[in-house]
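Note: the block below is my_file-v9.cif and it holds mmCIF, C-alpha atoms.
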data_target
#
loop_
_atom_site.label_atom_id
_atom_site.label_comp_id
_atom_site.auth_asym_id
_atom_site.auth_seq_id
_atom_site.Cartn_x
_atom_site.Cartn_y
_atom_site.Cartn_z
CA MET A 1 0.99 6.07 -15.27
CA ARG A 2 3.94 6.16 -12.86
CA ASP A 3 7.24 6.58 -14.73
CA ILE A 4 10.36 4.86 -13.38
CA ASP A 5 13.69 5.55 -15.10
CA ALA A 6 15.80 2.61 -13.95
CA GLY A 7 18.86 4.19 -15.51
CA ALA A 8 18.66 6.97 -12.92
CA LEU A 9 18.35 4.73 -9.86
CA PRO A 10 20.75 5.47 -6.97
CA PRO A 11 23.52 2.88 -6.48
CA GLU A 12 21.78 1.22 -3.53
CA LYS A 13 18.77 0.42 -5.73
CA ALA A 14 20.67 -0.63 -8.84
CA TRP A 15 22.54 -3.84 -9.68
CA PRO A 16 24.45 -5.47 -8.00
CA GLU A 17 22.76 -4.23 -4.81
CA GLN A 18 19.30 -5.07 -6.12
CA TYR A 19 18.28 -7.66 -8.70
CA SER A 20 14.96 -6.02 -9.60
CA VAL A 21 13.62 -2.50 -10.01
CA MET A 22 10.28 -3.26 -8.33
CA SER A 23 10.19 -6.22 -5.95
CA PHE A 24 7.03 -7.53 -4.29
CA ILE A 25 7.25 -9.99 -1.40
CA PRO A 26 4.16 -11.01 0.60
CA THR A 27 3.74 -9.70 4.12
CA ASP A 28 1.05 -10.21 6.71
CA ALA A 29 -0.21 -6.71 5.89
CA ALA A 30 -0.82 -7.60 2.23
CA ASN A 31 -3.75 -9.90 3.10
CA GLY A 32 -2.67 -12.30 0.35
CA VAL A 33 -3.62 -9.93 -2.49
CA LEU A 34 -1.23 -8.08 -4.81
CA VAL A 35 -2.22 -5.66 -7.57
CA VAL A 36 0.56 -4.01 -9.61
CA GLU A 37 -0.73 -1.49 -12.14
CA GLY A 38 0.05 1.70 -13.97
CA LEU A 39 3.84 1.39 -14.13
CA ARG A 40 6.16 2.45 -16.93
CA ILE A 41 9.67 1.10 -16.28
CA HIS A 42 12.45 1.72 -18.77
CA ASP A 43 16.24 1.65 -19.30
CA VAL A 44 16.83 -1.35 -17.05
CA THR A 45 20.32 -2.89 -16.79
CA ASN A 46 21.05 -6.27 -15.16
CA GLN A 47 17.72 -6.26 -13.32
CA SER A 48 14.22 -7.56 -13.78
CA ALA A 49 11.74 -4.70 -14.04
CA ILE A 50 9.08 -6.40 -11.89
CA ASP A 51 9.79 -9.34 -9.58
CA VAL A 52 7.00 -11.05 -7.60
CA THR A 53 7.71 -13.68 -4.96
CA LEU A 54 4.61 -15.79 -4.31
CA THR A 55 5.74 -16.95 -0.86
CA ALA A 56 7.97 -15.02 1.53
CA PRO A 57 11.43 -16.60 1.86
CA ALA A 58 12.40 -18.24 5.11
CA PRO A 59 14.20 -16.06 7.65
CA GLN A 60 17.96 -16.22 7.38
CA ARG A 61 19.48 -18.54 9.94
CA VAL A 62 22.74 -17.59 11.61
CA GLU A 63 25.17 -20.47 11.17
CA ASP A 64 27.83 -21.40 13.70
CA PRO A 65 31.41 -21.79 12.41
CA ILE A 66 31.22 -25.59 12.51
CA SER A 67 27.97 -25.85 10.53
CA ILE A 68 29.31 -23.55 7.84
CA VAL A 69 31.98 -26.03 6.80
CA LYS A 70 29.60 -28.99 6.75
CA PRO A 71 28.88 -30.26 3.23
CA LYS A 72 25.54 -29.27 1.77
CA LYS A 73 22.81 -31.85 1.33
CA PRO A 74 22.43 -33.14 -2.22
CA ARG A 75 19.68 -31.66 -4.42
CA THR A 76 17.78 -34.94 -4.09
CA ALA A 77 17.17 -34.35 -0.38
CA ALA A 78 13.49 -34.10 0.58
CA PRO A 79 12.32 -30.46 0.61
CA GLN A 80 11.35 -28.93 3.91
CA THR A 81 7.72 -28.04 4.41
CA LEU A 82 7.08 -24.30 4.57
CA PRO A 83 5.94 -23.02 7.96
CA ALA A 84 2.22 -22.30 8.01
CA SER A 85 2.92 -18.79 9.25
CA ARG A 86 4.95 -17.75 6.22
CA PRO A 87 3.07 -15.03 4.27
CA ALA A 88 1.99 -15.88 0.72
CA PHE A 89 0.03 -14.28 -2.11
CA SER A 90 -3.21 -16.05 -3.02
CA SER A 91 -3.98 -13.59 -5.83
CA VAL A 92 -1.55 -11.63 -8.04
CA THR A 93 -2.60 -9.15 -10.74
CA ILE A 94 -0.20 -7.22 -12.98
CA ARG A 95 -1.96 -4.92 -15.44
CA ASP A 96 -1.69 -1.73 -17.46
CA CYS A 97 2.13 -1.66 -17.39
CA GLU A 98 4.76 -0.79 -19.99
CA ILE A 99 8.34 -2.03 -19.80
CA ALA A 100 11.05 -0.94 -22.22
CA GLY A 101 14.78 -1.47 -22.65
CA VAL A 102 15.63 -4.35 -20.30
CA HIS A 103 19.09 -5.70 -21.10
CA ILE A 104 22.24 -7.29 -19.69
CA ASN A 105 25.62 -5.61 -20.13
CA GLN A 106 29.04 -7.28 -20.19
CA ALA A 107 29.36 -7.28 -16.41
CA GLY A 108 25.97 -8.93 -16.05
CA ALA A 109 26.79 -11.50 -18.71
CA ALA A 110 30.04 -12.32 -16.91
CA GLY A 111 28.00 -12.87 -13.75
CA ARG A 112 25.65 -15.24 -15.65
CA LEU A 113 22.61 -13.20 -14.67
CA SER A 114 19.15 -14.55 -15.47
CA VAL A 115 16.99 -11.50 -16.11
CA SER A 116 13.51 -11.03 -17.55
CA ALA A 117 11.18 -8.07 -17.85
CA ILE A 118 8.68 -9.65 -15.43
CA ARG A 119 9.41 -12.59 -13.15
CA ILE A 120 6.88 -14.39 -10.94
CA HIS A 121 8.33 -17.18 -8.84
CA GLY A 122 7.72 -19.35 -5.81
CA PHE A 123 8.67 -22.58 -4.08
CA GLU A 124 7.57 -26.14 -4.71
CA GLU A 125 5.67 -26.07 -1.41
CA SER A 126 4.08 -22.64 -1.98
CA PRO A 127 0.30 -22.42 -1.42
CA SER A 128 -1.80 -22.17 -4.58
CA ALA A 129 -2.34 -18.75 -6.13
CA ASP A 130 -4.28 -17.21 -9.02
CA VAL A 131 -2.16 -15.02 -11.30
CA THR A 132 -3.38 -12.57 -13.95
CA VAL A 133 -1.16 -10.55 -16.30
CA SER A 134 -3.14 -8.27 -18.60
CA ASP A 135 -2.65 -5.25 -20.84
CA VAL A 136 1.14 -5.33 -20.51
CA VAL A 137 3.54 -4.07 -23.20
CA VAL A 138 7.22 -5.09 -23.31
CA ARG A 139 9.41 -3.59 -26.01
CA ASP A 140 13.08 -3.10 -26.90
CA THR A 141 13.96 -6.09 -24.74
CA PRO A 142 15.96 -8.98 -26.24
CA LEU A 143 15.38 -11.14 -23.14
CA VAL A 144 12.47 -13.24 -21.92
CA SER A 145 9.58 -10.85 -21.39
CA LEU A 146 7.66 -12.86 -18.80
CA ARG A 147 8.98 -15.80 -16.79
CA ILE A 148 6.87 -17.93 -14.44
CA GLN A 149 9.27 -19.92 -12.32
CA GLY A 150 8.20 -22.39 -9.65
CA GLY A 151 5.31 -21.97 -7.26
CA ASN A 152 1.86 -23.50 -7.47
CA ILE A 153 -0.65 -21.64 -9.61
CA ARG A 154 -4.30 -22.59 -9.96
CA THR A 155 -5.09 -20.32 -12.90
CA LEU A 156 -2.63 -18.27 -14.93
CA THR A 157 -4.50 -15.73 -17.08
CA LEU A 158 -2.56 -13.97 -19.85
CA ARG A 159 -4.70 -11.32 -21.53
CA ARG A 160 -3.87 -8.74 -24.21
CA LEU A 161 -0.10 -9.03 -23.92
CA ASN A 162 2.19 -7.31 -26.43
CA LEU A 163 5.63 -8.72 -25.76
CA ALA A 164 8.98 -7.78 -27.19
CA HIS A 165 9.55 -10.43 -29.86
CA ARG A 166 7.31 -12.89 -31.64
CA ASP A 167 9.89 -14.94 -33.51
CA ARG A 168 10.77 -17.02 -30.45
CA GLU A 169 9.37 -17.82 -27.01
CA SER A 170 8.94 -14.53 -25.20
CA LEU A 171 7.06 -16.12 -22.31
CA GLN A 172 8.38 -19.06 -20.31
CA ILE A 173 6.62 -21.22 -17.76
CA SER A 174 9.59 -22.99 -16.18
CA LEU A 175 8.85 -25.63 -13.54
CA LEU A 176 12.03 -27.68 -13.75
CA ASP A 177 12.71 -27.22 -10.02
CA GLY A 178 9.16 -28.04 -8.94
CA GLY A 179 5.80 -26.32 -8.78
CA SER A 180 2.73 -26.62 -11.00
CA VAL A 181 0.20 -24.68 -13.05
CA GLN A 182 -3.26 -26.20 -13.25
CA GLU A 183 -4.63 -24.04 -16.06
CA VAL A 184 -3.23 -21.40 -18.41
CA LEU A 185 -5.67 -19.11 -20.24
CA ILE A 186 -4.20 -17.17 -23.17
CA ASP A 187 -6.83 -14.61 -24.16
CA GLU A 188 -6.59 -12.00 -26.94
CA CYS A 189 -2.84 -12.51 -27.42
CA PRO A 190 -2.34 -12.94 -31.19
CA GLY A 191 1.06 -14.33 -32.10
CA LEU A 192 2.12 -14.97 -28.50
CA SER A 193 4.73 -17.72 -28.19
CA VAL A 194 4.82 -19.65 -24.93
CA ALA A 195 7.42 -22.19 -23.81
CA LEU A 196 6.55 -24.87 -21.26
CA LEU A 197 9.41 -26.48 -19.32
CA GLY A 198 8.75 -29.15 -16.74
CA ALA A 199 8.01 -32.75 -15.93
CA GLN A 200 4.84 -34.69 -16.72
CA ASP A 201 1.68 -32.80 -15.54
CA ALA A 202 3.64 -29.76 -14.29
CA VAL A 203 1.24 -27.83 -16.56
CA ARG A 204 -2.15 -29.51 -16.93
CA HIS A 205 -4.27 -27.45 -19.33
CA VAL A 206 -3.68 -24.56 -21.75
CA ILE A 207 -6.60 -22.71 -23.36
CA MET A 208 -5.86 -20.35 -26.26
CA ARG A 209 -8.86 -18.07 -26.79
CA ASN A 210 -9.15 -15.44 -29.51
CA SER A 211 -5.39 -15.61 -30.05
CA PRO A 212 -4.67 -16.31 -33.75
CA GLU A 213 -1.16 -17.54 -34.55
CA ALA A 214 -0.35 -17.98 -30.87
CA ASN A 215 1.56 -21.16 -30.14
CA VAL A 216 2.64 -23.30 -27.21
CA ASN A 217 5.96 -25.16 -27.31
CA ASP A 218 6.10 -28.04 -24.82
CA MET A 219 9.88 -28.32 -24.79
CA ALA A 220 11.89 -31.47 -24.17
CA THR A 221 14.02 -31.13 -21.03
CA TYR A 222 16.00 -33.41 -18.71
CA ALA A 223 12.75 -33.75 -16.72
CA GLY A 224 10.74 -34.69 -19.81
CA ARG A 225 7.75 -32.77 -21.14
CA THR A 226 4.69 -31.42 -19.33
CA ASN A 227 2.34 -33.06 -21.89
CA ALA A 228 -0.15 -30.27 -21.22
CA VAL A 229 -3.53 -30.53 -22.94
CA VAL A 230 -3.78 -27.56 -25.33
CA LYS A 231 -7.18 -26.35 -26.54
CA THR A 232 -7.96 -23.54 -28.98
CA GLU A 233 -11.31 -21.77 -28.80
CA THR A 234 -13.11 -18.55 -29.65
CA THR A 235 -15.45 -16.58 -27.41
CA ALA A 236 -18.38 -18.36 -29.02
CA ASP A 237 -16.77 -21.73 -28.29
CA ALA A 238 -16.27 -20.77 -24.65
CA GLY A 239 -20.02 -20.21 -24.20
CA SER A 240 -21.13 -20.69 -20.64
CA THR A 241 -17.61 -21.50 -19.45
CA THR A 242 -16.91 -17.76 -19.22
CA HIS A 243 -16.92 -16.99 -15.51
CA PRO A 244 -19.65 -14.51 -14.51
CA ALA A 245 -17.15 -12.73 -12.27
CA ALA A 246 -15.50 -11.34 -15.42
CA VAL A 247 -18.12 -8.55 -15.60
CA THR A 248 -18.52 -7.94 -11.88
CA GLU A 249 -17.90 -4.29 -10.99
CA LEU A 250 -16.32 -2.60 -8.00
CA ARG A 251 -18.06 0.74 -7.51
CA VAL A 252 -16.73 3.56 -5.35
CA GLY A 253 -18.88 6.58 -4.52
CA GLY A 254 -19.30 9.35 -1.99
CA ASP A 255 -16.86 12.11 -1.06
CA ILE A 256 -13.74 10.48 -2.50
CA ALA A 257 -11.65 13.68 -2.50
CA GLY A 258 -12.58 14.18 1.16
CA GLY A 259 -11.62 10.63 2.10
CA ARG A 260 -15.13 9.42 2.98
CA PHE A 261 -16.46 6.96 0.43
CA GLN A 262 -18.39 3.73 -0.01
CA ALA A 263 -17.21 0.65 -1.90
CA SER A 264 -19.63 -1.94 -3.28
CA VAL A 265 -19.63 -4.94 -5.61
CA ALA A 266 -22.38 -5.11 -8.23
CA GLY A 267 -23.28 -7.04 -11.35
CA PRO A 268 -23.28 -10.80 -11.97
CA LEU A 269 -21.59 -12.48 -9.02
CA PRO A 270 -19.60 -15.74 -9.00
CA PRO A 271 -21.45 -18.79 -7.69
CA HIS A 272 -21.09 -19.71 -4.03
CA LEU A 273 -19.88 -16.21 -3.11
CA SER A 274 -19.55 -16.14 0.68
CA MET A 275 -17.66 -12.93 1.45
CA VAL A 276 -16.02 -9.83 -0.01
CA ILE A 277 -12.92 -8.37 1.65
CA PHE A 278 -12.52 -4.65 0.97
CA GLN A 279 -9.33 -2.71 1.60
CA VAL A 280 -7.58 0.53 0.61
CA VAL A 281 -3.86 0.35 -0.24
CA ASP A 282 -1.19 2.73 -1.54
CA ASP A 283 1.28 2.28 -4.40
CA GLN A 284 3.48 0.07 -2.20
CA ASN A 285 0.49 -2.15 -1.29
CA TYR A 286 0.38 -0.88 2.32
CA ARG A 287 -3.04 -0.62 3.91
CA ILE A 288 -4.43 2.87 4.40
CA CYS A 289 -7.63 1.81 6.17
CA THR A 290 -8.63 -1.19 8.25
CA PRO A 291 -9.88 -3.98 5.92
CA GLN A 292 -13.64 -4.53 5.99
CA THR A 293 -15.46 -7.82 5.30
CA ALA A 294 -18.98 -8.08 3.90
CA ALA A 295 -20.40 -11.55 4.55
CA SER A 296 -23.84 -11.05 2.98
CA PRO A 297 -25.67 -8.82 0.49
CA PRO A 298 -25.48 -5.94 -0.07
CA TRP A 299 -21.77 -6.42 -0.69
CA GLN A 300 -20.60 -2.99 0.45
CA THR A 301 -18.70 -1.09 3.12
CA ASP A 302 -17.64 2.45 4.12
CA PHE A 303 -14.10 3.84 4.37
CA HIS A 304 -12.57 6.94 5.93
CA ALA A 305 -9.07 7.79 4.66
CA THR A 306 -7.35 10.37 6.85
CA ARG A 307 -4.30 11.02 4.66
CA PRO A 308 -4.16 12.53 1.16
CA GLY A 309 -2.72 10.39 -1.61
CA HIS A 310 -3.29 8.20 -4.66
CA TYR A 311 -4.74 4.89 -3.47
CA ARG A 312 -6.49 1.75 -4.74
CA VAL A 313 -9.72 0.34 -3.39
CA GLN A 314 -9.62 -3.46 -3.67
CA ALA A 315 -12.33 -6.06 -3.33
CA GLU A 316 -11.45 -9.74 -3.02
CA LEU A 317 -14.37 -12.09 -3.69
CA ARG A 318 -14.13 -15.44 -1.91
CA ASP A 319 -16.17 -18.62 -2.27
CA ARG A 320 -17.61 -20.76 0.51
CA ASN A 321 -14.26 -22.52 0.94
CA GLY A 322 -12.57 -19.19 1.62
CA ASP A 323 -10.65 -19.28 -1.68
CA PRO A 324 -10.38 -16.07 -3.75
CA VAL A 325 -12.21 -16.22 -7.08
CA LYS A 326 -11.87 -12.61 -8.22
CA VAL A 327 -9.96 -9.46 -7.25
CA LEU A 328 -11.25 -6.06 -8.33
CA SER A 329 -9.46 -2.72 -8.02
CA VAL A 330 -10.39 0.94 -8.56
CA PRO A 331 -7.97 3.91 -8.18
CA VAL A 332 -9.02 6.84 -5.99
CA ASP A 333 -7.42 10.21 -5.19
CA VAL A 334 -7.91 11.58 -1.70
CA VAL A 335 -7.13 15.30 -1.82
CA THR A 336 -8.36 16.98 1.37
CA PRO A 337 -9.32 14.42 4.02
CA LYS A 338 -12.12 15.50 6.36
#
Would you put the structure from the file into structure tokens?
Amino acid sequence: MRDIDAGALPPEKAWPEQYSVMSFIPTDAANGVLVVEGLRIHDVTNQSAIDVTLTAPAPQRVEDPISIVKPKKPRTAAPQTLPASRPAFSSVTIRDCEIAGVHINQAGAAGRLSVSAIRIHGFEESPSADVTVSDVVVRDTPLVSLRIQGGNIRTLTLRRLNLAHRDRESLQISLLDGGSVQEVLIDECPGLSVALLGAQDAVRHVIMRNSPEANVNDMATYAGRTNAVVKTETTADAGSTTHPAAVTELRVGGDIAGGRFQASVAGPLPPHLSMVIFQVVDDQNYRICTPQTAASPPWQTDFHATRPGHYRVQAELRDRNGDPVKVLSVPVDVVTPK
């Protein structure tokens, strides 16, 4: 696990220069897939530990002196449509992370900072994405542990989360400024408390599976309530609704230390699987090898990494509409490339 002591960050990476310790913004090179794993971030002041932007912000426009003094449009003005070329994540996975000691000091409180351990946010016009947060521990943090803010999410999967406090909402899904979540799956999160904030239908469905004493609070706001449909079930209740992709495996073999290896997808596959996109990325999500696409069985490809390092092999499974249905990841260590 990579250890990051936020208390020892240089000034240019600390607040007020930066508002997060680790920030992830989509680029064309990311291929729409983000996997954040194996991080231990601690002693964080006036910053979010992990901040994920679902859609890249618009380029800054240089204003002329006259336009600067023009009054701003009211908040009720129609939102502008995002350019089709703006990069966006279609799949986000945060897993196997530990965050400790996120707090706001007096200077941050005076600046009315809004900080959480993990923040995932987007725009009202953002393309839809699938988000999974699993096996994450947040402790010694009196703030919101996980905040989902804006953006459009098809499925939000929350699995085996151990958040900082159970006596009040430690997880917020806030859609007061737009955005939507079609389905929230809370799986193996006993005692998790979730707050929903948004207008009618901002959150459609919430499934609580194998999560005793977990609760969902659909809070009254100036926009109303989401009126989400909440269902509680066990694994036995779920039955055939469990997606077969949950047990699909990404296998990596060959001369991994030498940088020549094969990646393949095996096991029960999701229905209507049309392609698998394989890629190798580093800790900053930069590609190490040219992505490879398998459009038919066997779902496999070969890679040749020419630089030593700790990398991740990723496989994105897509259906016949081109939409991602599952993202798999396996760490590899290339020692002496050949």
- Decode the PyMOL selection byres ((chain A and resi 117-122) around 6) for the given file into explicit residues and return them as a PyMOL selection string. chain A and resi 48-55+116+123+145-151
Restrict the calculation to only C-alpha atoms, then for each residue of segment 78-144 of chain A with any atom at most 10 Å from an atom of segment 311-334 of chain A give the closest atom pair and their distance in Å to one decimal, rows by chain and rising residue number, as CSV.
residue,atom,partner,partner_atom,distance
A:Ser90,CA,A:Pro324,CA,7.2
A:Ser91,CA,A:Pro324,CA,7.2
A:Val92,CA,A:Val327,CA,8.7
A:Thr93,CA,A:Val327,CA,8.2
A:Ser128,CA,A:Asp323,CA,9.8
A:Ala129,CA,A:Pro324,CA,8.8
A:Asp130,CA,A:Pro324,CA,8.1
A:Thr132,CA,A:Val327,CA,9.9
Shell of 6 Å around Arg160 of chain A, only C-alpha atoms, local chain residues under 5 positions omitted, as a short mmCIF file (atom, residue, chain, number, x, y, z; two decimals) with C-alpha atoms, in the coordinates of the input:
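Wrote it out as out17.cif, contents follow:
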data_model
loop_
_atom_site.label_atom_id
_atom_site.label_comp_id
_atom_site.auth_asym_id
_atom_site.auth_seq_id
_atom_site.Cartn_x
_atom_site.Cartn_y
_atom_site.Cartn_z
CA SER A 134 -3.14 -8.27 -18.60
CA ASP A 135 -2.65 -5.25 -20.84
CA GLU A 188 -6.59 -12.00 -26.94
CA CYS A 189 -2.84 -12.51 -27.42
#
- Written as a list of chain:residue names, which residues does the PyMOL selection byres ((chain A and resi 2) around 6) give for the file shown? A:Met1, A:Asp3, A:Leu39, A:Arg40
- For Ala195 of chain A, please output as a list in words all residues within 7 Å (counting only C-alpha atoms; exclusion window: fewer than 5 positions along the same chain).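 Contacts, in chain order: Glu169, Leu171, Gln172, Ile173, Val216, Asn217, Asp218 and Met219 of chain A.
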- Any chance you could work out the residue set of the PyMOL selection byres ((chain A and resi 198-203) around 8) here, as a PyMOL selection string? chain A and resi 174-176+178-183+196-197+204-206+221+223-228
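Atom CA of Val136 of chain A lies 29.4 Å from atom CA of Leu273 of chain A.
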- Message: Could you tell me how far atom CA of Ser23 of chain A sits from atom CA of Pro87 of chain A, in Å to one decimal place?
- Response: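 Separation of atom CA of Pro87 of chain A and atom CA of Ser23 of chain A: 15.3 Å.
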- Task: Take atom CA of Asn31 of chain A and atom CA of Pro268 of chain A and report the distance between them in Å, one decimal.
- Result: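 About the pair atom CA of Asn31 of chain A and atom CA of Pro268 of chain A: they are 24.7 Å apart.
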- Task: Counting all atoms listed in the file, note down every residue that has an atom within 6 Å of the point (24.1, -6.7, -11.6) (file coordinates), as number ranges by chain.
- Result: A: 15-16, 46, 108
Axis-aligned box for segment 87-103 of chain A, 4 Å per side, centre and edges in Å as AutoDock Vina command-line options:
--center_x 7.6 --center_y -8.4 --center_z -9.2 --size_x 31.1 --size_y 23.3 --size_z 34.9
